[in-house]
Amino acid sequence: MHILLVASAFNSLTQRVLAELQDHGHTVGVALALGNDDALREAVRTHAPALIVAPMLTTAIPEDIWSAHTCLIVHPGPPGDRGPSSLDWTLREGAQSWGVTVLAAVAEMDAGDVWAWSPLKVPPLAGKSDLYRGEVADAAIDAVLLAVERFASGKYKPKRQKAADLAAGWRPFLKQAERRIDWTRESTESVLRQLRAADSQPGVLDELLGAQWYLHGAYPEDELRGTPGELIATRAGAVCRATIDGAVWIVQMRPWRAPGSGLASFKLPAADALGDLLPAGLPEVPAPLQLPAGRRTWTDMRYSEHGGVGVLNFSFPGGAMSRVQCRRLLEAYRFARTRPTSVLVLGGLRDFFSNGIHLNVIEAAPDPAEESWANIHAMNDLVEAVITTTDRLTVAALGGNAAAGGVMLALAADEVWCRDGAILNPHYKLMGLYGSEYWTYTLPRRVGEAEAQRLTQSALPVSAKRAVELGMAERVLQAAPEELGDEVMRLATQLAASPDLAARIAKKQAKRAEDESVKPLQQYRDEELTHMRRNFFDRSEPHAALRSAFVRKEKAQHTPAHVAQLGLPR
């Protein structure tokens, strides 16, 4: 069946719905709903779809489209729930269970007949964006696939929602005035709920050190204390702020700017955003790489050991890895290599694995080109360390999405395990970059030269299932986001106990030596960086403008050409 996806952005859920429908044998097109109804009408005429599915919409589909075609809207709430801030209200109110509904488009928002819905559990510590990419996306896929199956059967009659339920379920847009935090009165748990309900967009508008900021990302702190509302410590770019009964770590901030006052602001590590405003003498309180059980604190990387398995967890906001973060992770990786293990796992947490270099930090740097150059070298050093680990097996465990250099970091490992639902974008093209991280070595050796070129040039998402079929990954893990760590540990323990482990390590050592004799890793790196240096430093290159638009979340003006052609005859 030919299906047209209509979405306000080619975001993570739109990409996942696209990949899943393709995996189920459908041809799928994409049209972005960007406020130009005539362009959307033309896309519908061009595609002549059997069905329209809207994974994420911020504007209404025109009536002449939904009255002529079956249009299925994905709403991040159970039947009866309505409104534009569904997940925000859910997290703010501390709900433990929720759902996703697929319903017919009608004139009244979220009031159409229900084609399918899927329940979900709300994890206790997840922020909105993490929940959206995890449990919500899983439930959305279940509901979409069921709705598509029911539509294809031609026999299913969708369920009408009751007027009383629709009236009771309406919740309005959650405004900043309702999100505001009173640091002198609110508990840690209350502050966390407010911040998680706004993460990563729109953030919570707040005043700090004489300026207004949007706060993004919050985690509890169980030891540090101070005067409510005041900053009491920093850690790896985050700031710790006291509450009436404890403290929270705030990971990212962005300055408020009056509408029309220039370029839009963007998120940075909180301490970087505050810069010279940070109080003198504020202590930097590092988190140990190995934390005792039961601690409630924030850190972006942890190491643990279980028999012959070492696990280096890391999690960076948005999956972006700055020069400093790459170097810290490399230091942690080198420590992990000193441990007496035979299997070393990288990742293994829910949400993003990595999206490569940190474009926001680069954009904010005094010299973005120089910062880009330093960041790519730091990323390359990390990837090289993984590739050249020959005394044990390495596993990259992807709990969520990966893109660009983050995919290549995963491919540096001996095995790649992806949670079912993870989406890989193994390309740099849309950011005007050639790419580095030894991709010209790691990607072709897994998928072949021709497929490597297709993947990097087509700039389209790859599902976990498809990644295994292509040879980019070894396993698809059937685990909920919260259960991923346990499943990774179970499989890694089996791998460490495998009777052919020693033979595999010996074979790996021989292969690495052979590859090095044919073409040294340094040569791959030098060739890639010749292109990247031009991308970064040549002012005629498009990268700087693309980076600026990306970090400031500038709205697309039309459906990108590489997406607009999907599903159409060639």
# chains A, B, ... in the order shown; residues from 1 in each chain; ligands from 1

$ residues_around --residues "Arg512 of chain A" --least-positions-apart "5" --cutoff "12 Å" --atoms "only C-alpha atoms" --output "VMD selection string"
chain A and resid 384 386 to 391 412 414 441 to 442 445 505 to 507 517 to 521

$ write_last_selection --atoms "N, CA and C atoms" --output "PDB file, in the first residue's frame"
ATOM      1  N   GLU A 384      39.161   5.950  17.313  1.00  0.00           N
ATOM      2  CA  GLU A 384      40.388   5.194  17.089  1.00  0.00           C
ATOM      3  C   GLU A 384      40.688   4.266  18.265  1.00  0.00           C
ATOM      4  N   VAL A 386      38.596   2.800  20.183  1.00  0.00           N
ATOM      5  CA  VAL A 386      37.706   1.634  20.118  1.00  0.00           C
ATOM      6  C   VAL A 386      38.160   0.680  19.023  1.00  0.00           C
ATOM      7  N   ILE A 387      38.475   1.220  17.858  1.00  0.00           N
ATOM      8  CA  ILE A 387      38.904   0.366  16.745  1.00  0.00           C
ATOM      9  C   ILE A 387      40.155  -0.429  17.114  1.00  0.00           C
ATOM     10  N   THR A 388      41.076   0.196  17.832  1.00  0.00           N
ATOM     11  CA  THR A 388      42.373  -0.440  18.125  1.00  0.00           C
ATOM     12  C   THR A 388      42.365  -1.240  19.422  1.00  0.00           C
ATOM     13  N   THR A 389      41.220  -1.445  20.028  1.00  0.00           N
ATOM     14  CA  THR A 389      41.115  -2.323  21.193  1.00  0.00           C
ATOM     15  C   THR A 389      41.079  -3.763  20.699  1.00  0.00           C
ATOM     16  N   THR A 390      42.164  -4.474  20.846  1.00  0.00           N
ATOM     17  CA  THR A 390      42.261  -5.820  20.283  1.00  0.00           C
ATOM     18  C   THR A 390      42.425  -6.910  21.336  1.00  0.00           C
ATOM     19  N   ASP A 391      42.422  -6.539  22.620  1.00  0.00           N
ATOM     20  CA  ASP A 391      42.618  -7.552  23.660  1.00  0.00           C
ATOM     21  C   ASP A 391      41.308  -8.050  24.257  1.00  0.00           C
ATOM     22  N   ALA A 412      32.641   1.325  15.212  1.00  0.00           N
ATOM     23  CA  ALA A 412      34.013   1.028  15.603  1.00  0.00           C
ATOM     24  C   ALA A 412      34.096  -0.218  16.470  1.00  0.00           C
ATOM     25  N   ASP A 414      33.152  -4.153  17.810  1.00  0.00           N
ATOM     26  CA  ASP A 414      33.078  -5.449  17.133  1.00  0.00           C
ATOM     27  C   ASP A 414      31.645  -5.852  16.838  1.00  0.00           C
ATOM     28  N   TYR A 441      36.544   3.683   6.621  1.00  0.00           N
ATOM     29  CA  TYR A 441      37.064   2.354   6.977  1.00  0.00           C
ATOM     30  C   TYR A 441      35.956   1.471   7.544  1.00  0.00           C
ATOM     31  N   THR A 442      35.203   1.976   8.536  1.00  0.00           N
ATOM     32  CA  THR A 442      34.269   1.115   9.276  1.00  0.00           C
ATOM     33  C   THR A 442      32.995   0.799   8.511  1.00  0.00           C
ATOM     34  N   ARG A 445      33.548  -1.736   5.355  1.00  0.00           N
ATOM     35  CA  ARG A 445      33.928  -3.098   5.746  1.00  0.00           C
ATOM     36  C   ARG A 445      32.722  -3.885   6.246  1.00  0.00           C
ATOM     37  N   ILE A 505      38.826 -13.241  19.659  1.00  0.00           N
ATOM     38  CA  ILE A 505      39.751 -12.144  19.962  1.00  0.00           C
ATOM     39  C   ILE A 505      41.028 -12.287  19.138  1.00  0.00           C
ATOM     40  N   ALA A 506      41.522 -13.511  19.034  1.00  0.00           N
ATOM     41  CA  ALA A 506      42.733 -13.745  18.229  1.00  0.00           C
ATOM     42  C   ALA A 506      42.490 -13.403  16.759  1.00  0.00           C
ATOM     43  N   LYS A 507      41.332 -13.780  16.233  1.00  0.00           N
ATOM     44  CA  LYS A 507      40.974 -13.471  14.853  1.00  0.00           C
ATOM     45  C   LYS A 507      40.870 -11.960  14.645  1.00  0.00           C
ATOM     46  N   SER A 517      48.213  -3.133   7.711  1.00  0.00           N
ATOM     47  CA  SER A 517      49.288  -3.296   6.731  1.00  0.00           C
ATOM     48  C   SER A 517      48.852  -2.897   5.326  1.00  0.00           C
ATOM     49  N   VAL A 518      47.567  -3.060   5.044  1.00  0.00           N
ATOM     50  CA  VAL A 518      47.036  -2.697   3.722  1.00  0.00           C
ATOM     51  C   VAL A 518      46.866  -1.181   3.613  1.00  0.00           C
ATOM     52  N   LYS A 519      46.262  -0.593   4.646  1.00  0.00           N
ATOM     53  CA  LYS A 519      46.061   0.854   4.658  1.00  0.00           C
ATOM     54  C   LYS A 519      45.965   1.305   6.105  1.00  0.00           C
ATOM     55  N   PRO A 520      46.935   2.057   6.591  1.00  0.00           N
ATOM     56  CA  PRO A 520      46.937   2.455   8.001  1.00  0.00           C
ATOM     57  C   PRO A 520      45.721   3.327   8.344  1.00  0.00           C
ATOM     58  N   LEU A 521      45.268   3.204   9.591  1.00  0.00           N
ATOM     59  CA  LEU A 521      44.154   4.039  10.053  1.00  0.00           C
ATOM     60  C   LEU A 521      44.459   5.523   9.877  1.00  0.00           C
TER      61      LEU A 521
END

$ residues_around --residues "Leu443 of chain A" --least-positions-apart "3" --cutoff "8 Å" --atoms "only C-alpha atoms" --output "ChimeraX atom specification"
/A:408,411,439-440,446-448,452,472

$ atom_distance --atom1 "atom CA of Trp213 of chain A" --atom2 "atom CA of Pro283 of chain A"
21.7 Å

$ closest_residue --among "A:Phe352, A:Ala503, A:Ser436, A:His558" --to "Gln522 of chain A" --atoms "only C-alpha atoms"
A:Ser436

$ select_by_dssp --residues "segment 259-326 of chain A" --states "strand (DSSP E or B)" --output "PyMOL selection string"
chain A and resi 268-269+284+301-306+309-314+320-321

$ write_last_selection --atoms "N, CA, C and O atoms" --output "short mmCIF file (atom, residue, chain, number, x, y, z; two decimals), in the first residue's frame"
data_model
loop_
_atom_site.label_atom_id
_atom_site.label_comp_id
_atom_site.auth_asym_id
_atom_site.auth_seq_id
_atom_site.Cartn_x
_atom_site.Cartn_y
_atom_site.Cartn_z
N LEU A 268 22.92 25.38 25.54
CA LEU A 268 24.32 25.09 25.80
C LEU A 268 24.43 24.39 27.15
O LEU A 268 23.51 24.48 27.98
N PRO A 269 25.54 23.69 27.41
CA PRO A 269 25.77 23.24 28.78
C PRO A 269 25.57 24.40 29.73
O PRO A 269 26.03 25.53 29.46
N GLU A 284 33.55 22.90 41.73
CA GLU A 284 33.33 21.85 40.74
C GLU A 284 33.38 20.52 41.49
O GLU A 284 34.41 20.15 42.07
N MET A 301 28.49 9.86 32.60
CA MET A 301 29.12 8.58 32.29
C MET A 301 29.41 7.80 33.57
O MET A 301 29.72 8.38 34.60
N ARG A 302 29.24 6.49 33.46
CA ARG A 302 29.49 5.60 34.60
C ARG A 302 30.09 4.30 34.10
O ARG A 302 29.78 3.85 32.99
N TYR A 303 30.92 3.72 34.96
CA TYR A 303 31.51 2.42 34.63
C TYR A 303 31.10 1.41 35.70
O TYR A 303 31.12 1.70 36.90
N SER A 304 30.73 0.23 35.25
CA SER A 304 30.41 -0.86 36.17
C SER A 304 30.97 -2.16 35.60
O SER A 304 31.26 -2.27 34.41
N GLU A 305 31.13 -3.14 36.49
CA GLU A 305 31.76 -4.39 36.11
C GLU A 305 30.95 -5.56 36.67
O GLU A 305 30.51 -5.53 37.82
N HIS A 306 30.77 -6.58 35.83
CA HIS A 306 30.00 -7.74 36.23
C HIS A 306 30.73 -8.97 35.68
O HIS A 306 30.55 -9.33 34.51
N VAL A 309 32.52 -8.79 32.21
CA VAL A 309 31.92 -7.74 31.39
C VAL A 309 32.11 -6.38 32.04
O VAL A 309 31.76 -6.18 33.21
N GLY A 310 32.66 -5.44 31.29
CA GLY A 310 32.71 -4.05 31.72
C GLY A 310 31.70 -3.25 30.91
O GLY A 310 31.53 -3.48 29.72
N VAL A 311 31.02 -2.33 31.58
CA VAL A 311 30.00 -1.51 30.91
C VAL A 311 30.32 -0.04 31.15
O VAL A 311 30.37 0.41 32.29
N LEU A 312 30.55 0.69 30.06
CA LEU A 312 30.78 2.13 30.14
C LEU A 312 29.54 2.83 29.60
O LEU A 312 29.36 2.96 28.39
N ASN A 313 28.67 3.23 30.52
CA ASN A 313 27.47 3.98 30.14
C ASN A 313 27.82 5.44 29.91
O ASN A 313 28.63 6.01 30.64
N PHE A 314 27.21 6.06 28.92
CA PHE A 314 27.35 7.50 28.74
C PHE A 314 26.06 8.04 28.13
O PHE A 314 25.37 7.35 27.38
N ALA A 320 24.76 14.93 21.54
CA ALA A 320 25.89 15.72 21.02
C ALA A 320 27.09 15.60 21.94
O ALA A 320 26.95 15.62 23.17
N MET A 321 28.30 15.51 21.35
CA MET A 321 29.52 15.29 22.12
C MET A 321 30.53 16.38 21.79
O MET A 321 31.09 16.41 20.70
#

$ residues_around --residues "Tyr132 of chain A" --least-positions-apart "3" --cutoff "10 Å" --atoms "only C-alpha atoms" --output "list of chain:residue names"
A:Ser12, A:Leu13, A:Pro76, A:Leu87, A:Ala126, A:Gly127, A:Lys128, A:Ser129, A:Glu135, A:Val136, A:Ala137, A:Asp138, A:Ala139, A:Ala140, A:Asp351

$ select_by_dssp --residues "segment 151-236 of chain A" --states "alpha helix (DSSP H)" --output "PDB file with N, CA, C and O atoms, in the first residue's frame"
ATOM      1  N   PHE A 151      -7.153  -0.598   8.438  1.00  0.00           N
ATOM      2  CA  PHE A 151      -7.583   0.125   7.245  1.00  0.00           C
ATOM      3  C   PHE A 151      -7.460  -0.761   6.014  1.00  0.00           C
ATOM      4  O   PHE A 151      -8.362  -0.797   5.159  1.00  0.00           O
ATOM      5  N   ALA A 152      -6.343  -1.474   5.902  1.00  0.00           N
ATOM      6  CA  ALA A 152      -6.106  -2.316   4.729  1.00  0.00           C
ATOM      7  C   ALA A 152      -7.134  -3.433   4.623  1.00  0.00           C
ATOM      8  O   ALA A 152      -7.467  -3.874   3.514  1.00  0.00           O
ATOM      9  N   SER A 153      -7.636  -3.887   5.764  1.00  0.00           N
ATOM     10  CA  SER A 153      -8.625  -4.974   5.742  1.00  0.00           C
ATOM     11  C   SER A 153      -9.934  -4.536   5.108  1.00  0.00           C
ATOM     12  O   SER A 153     -10.685  -5.356   4.555  1.00  0.00           O
ATOM     13  N   ALA A 163     -19.055  12.326  23.382  1.00  0.00           N
ATOM     14  CA  ALA A 163     -19.001  13.778  23.561  1.00  0.00           C
ATOM     15  C   ALA A 163     -18.570  14.150  24.970  1.00  0.00           C
ATOM     16  O   ALA A 163     -17.802  15.097  25.173  1.00  0.00           O
ATOM     17  N   ALA A 164     -19.064  13.406  25.961  1.00  0.00           N
ATOM     18  CA  ALA A 164     -18.716  13.714  27.348  1.00  0.00           C
ATOM     19  C   ALA A 164     -17.231  13.499  27.601  1.00  0.00           C
ATOM     20  O   ALA A 164     -16.583  14.293  28.306  1.00  0.00           O
ATOM     21  N   ASP A 165     -16.653  12.436  27.010  1.00  0.00           N
ATOM     22  CA  ASP A 165     -15.220  12.166  27.181  1.00  0.00           C
ATOM     23  C   ASP A 165     -14.381  13.246  26.506  1.00  0.00           C
ATOM     24  O   ASP A 165     -13.353  13.676  27.037  1.00  0.00           O
ATOM     25  N   LEU A 166     -14.833  13.681  25.335  1.00  0.00           N
ATOM     26  CA  LEU A 166     -14.091  14.715  24.608  1.00  0.00           C
ATOM     27  C   LEU A 166     -14.095  16.038  25.373  1.00  0.00           C
ATOM     28  O   LEU A 166     -13.091  16.739  25.431  1.00  0.00           O
ATOM     29  N   ALA A 167     -15.224  16.357  25.973  1.00  0.00           N
ATOM     30  CA  ALA A 167     -15.316  17.604  26.736  1.00  0.00           C
ATOM     31  C   ALA A 167     -14.433  17.551  27.973  1.00  0.00           C
ATOM     32  O   ALA A 167     -13.750  18.521  28.321  1.00  0.00           O
ATOM     33  N   ALA A 168     -14.435  16.387  28.642  1.00  0.00           N
ATOM     34  CA  ALA A 168     -13.653  16.249  29.875  1.00  0.00           C
ATOM     35  C   ALA A 168     -12.162  16.136  29.597  1.00  0.00           C
ATOM     36  O   ALA A 168     -11.333  16.490  30.444  1.00  0.00           O
ATOM     37  N   GLY A 169     -11.789  15.673  28.394  1.00  0.00           N
ATOM     38  CA  GLY A 169     -10.384  15.401  28.106  1.00  0.00           C
ATOM     39  C   GLY A 169      -9.597  16.577  27.588  1.00  0.00           C
ATOM     40  O   GLY A 169      -8.379  16.478  27.436  1.00  0.00           O
ATOM     41  N   GLN A 176       4.067  29.297  29.884  1.00  0.00           N
ATOM     42  CA  GLN A 176       5.199  29.479  30.791  1.00  0.00           C
ATOM     43  C   GLN A 176       4.754  29.958  32.172  1.00  0.00           C
ATOM     44  O   GLN A 176       5.363  29.591  33.181  1.00  0.00           O
ATOM     45  N   ALA A 177       3.697  30.751  32.235  1.00  0.00           N
ATOM     46  CA  ALA A 177       3.224  31.235  33.538  1.00  0.00           C
ATOM     47  C   ALA A 177       2.845  30.082  34.448  1.00  0.00           C
ATOM     48  O   ALA A 177       3.001  30.162  35.682  1.00  0.00           O
ATOM     49  N   GLU A 178       2.372  28.979  33.853  1.00  0.00           N
ATOM     50  CA  GLU A 178       1.979  27.813  34.646  1.00  0.00           C
ATOM     51  C   GLU A 178       3.159  26.889  34.933  1.00  0.00           C
ATOM     52  O   GLU A 178       3.053  26.007  35.789  1.00  0.00           O
ATOM     53  N   ARG A 179       4.235  27.071  34.225  1.00  0.00           N
ATOM     54  CA  ARG A 179       5.421  26.241  34.436  1.00  0.00           C
ATOM     55  C   ARG A 179       6.383  26.847  35.459  1.00  0.00           C
ATOM     56  O   ARG A 179       7.304  26.176  35.919  1.00  0.00           O
ATOM     57  N   THR A 188      12.148  19.234  45.793  1.00  0.00           N
ATOM     58  CA  THR A 188      12.929  18.676  44.694  1.00  0.00           C
ATOM     59  C   THR A 188      12.034  17.950  43.704  1.00  0.00           C
ATOM     60  O   THR A 188      12.154  18.135  42.483  1.00  0.00           O
ATOM     61  N   GLU A 189      11.115  17.137  44.196  1.00  0.00           N
ATOM     62  CA  GLU A 189      10.249  16.367  43.305  1.00  0.00           C
ATOM     63  C   GLU A 189       9.354  17.281  42.479  1.00  0.00           C
ATOM     64  O   GLU A 189       9.105  17.027  41.297  1.00  0.00           O
ATOM     65  N   SER A 190       8.866  18.353  43.082  1.00  0.00           N
ATOM     66  CA  SER A 190       8.034  19.296  42.345  1.00  0.00           C
ATOM     67  C   SER A 190       8.832  19.988  41.252  1.00  0.00           C
ATOM     68  O   SER A 190       8.361  20.149  40.111  1.00  0.00           O
ATOM     69  N   VAL A 191      10.048  20.416  41.577  1.00  0.00           N
ATOM     70  CA  VAL A 191      10.910  21.065  40.582  1.00  0.00           C
ATOM     71  C   VAL A 191      11.224  20.110  39.437  1.00  0.00           C
ATOM     72  O   VAL A 191      11.178  20.487  38.255  1.00  0.00           O
ATOM     73  N   LEU A 192      11.525  18.859  39.774  1.00  0.00           N
ATOM     74  CA  LEU A 192      11.843  17.878  38.741  1.00  0.00           C
ATOM     75  C   LEU A 192      10.661  17.663  37.801  1.00  0.00           C
ATOM     76  O   LEU A 192      10.828  17.564  36.583  1.00  0.00           O
ATOM     77  N   ARG A 193       9.450  17.589  38.350  1.00  0.00           N
ATOM     78  CA  ARG A 193       8.274  17.400  37.503  1.00  0.00           C
ATOM     79  C   ARG A 193       8.102  18.561  36.533  1.00  0.00           C
ATOM     80  O   ARG A 193       7.817  18.366  35.351  1.00  0.00           O
ATOM     81  N   GLN A 194       8.297  19.767  37.025  1.00  0.00           N
ATOM     82  CA  GLN A 194       8.142  20.939  36.163  1.00  0.00           C
ATOM     83  C   GLN A 194       9.171  20.936  35.031  1.00  0.00           C
ATOM     84  O   GLN A 194       8.847  21.218  33.868  1.00  0.00           O
ATOM     85  N   LEU A 195      10.411  20.653  35.377  1.00  0.00           N
ATOM     86  CA  LEU A 195      11.472  20.689  34.381  1.00  0.00           C
ATOM     87  C   LEU A 195      11.357  19.537  33.386  1.00  0.00           C
ATOM     88  O   LEU A 195      11.582  19.719  32.186  1.00  0.00           O
ATOM     89  N   ARG A 196      10.993  18.357  33.858  1.00  0.00           N
ATOM     90  CA  ARG A 196      10.872  17.214  32.949  1.00  0.00           C
ATOM     91  C   ARG A 196       9.697  17.390  31.989  1.00  0.00           C
ATOM     92  O   ARG A 196       9.730  16.894  30.862  1.00  0.00           O
TER      93      ARG A 196
END

$ closest_residue --among "A:Arg552, A:Arg570, A:Lys162, A:Arg296" --to "Gly262 of chain A" --atoms "only C-alpha atoms"
A:Arg552

$ closest_residue --among "A:Val361, A:Thr58, A:Glu451, A:Asn380" --to "Glu469 of chain A" --atoms "only C-alpha atoms"
A:Glu451

$ closest_residue --among "A:Tyr524, A:Tyr428, A:Phe10, A:Trp256" --to "Gly406 of chain A" --atoms "only C-alpha atoms"
A:Tyr428
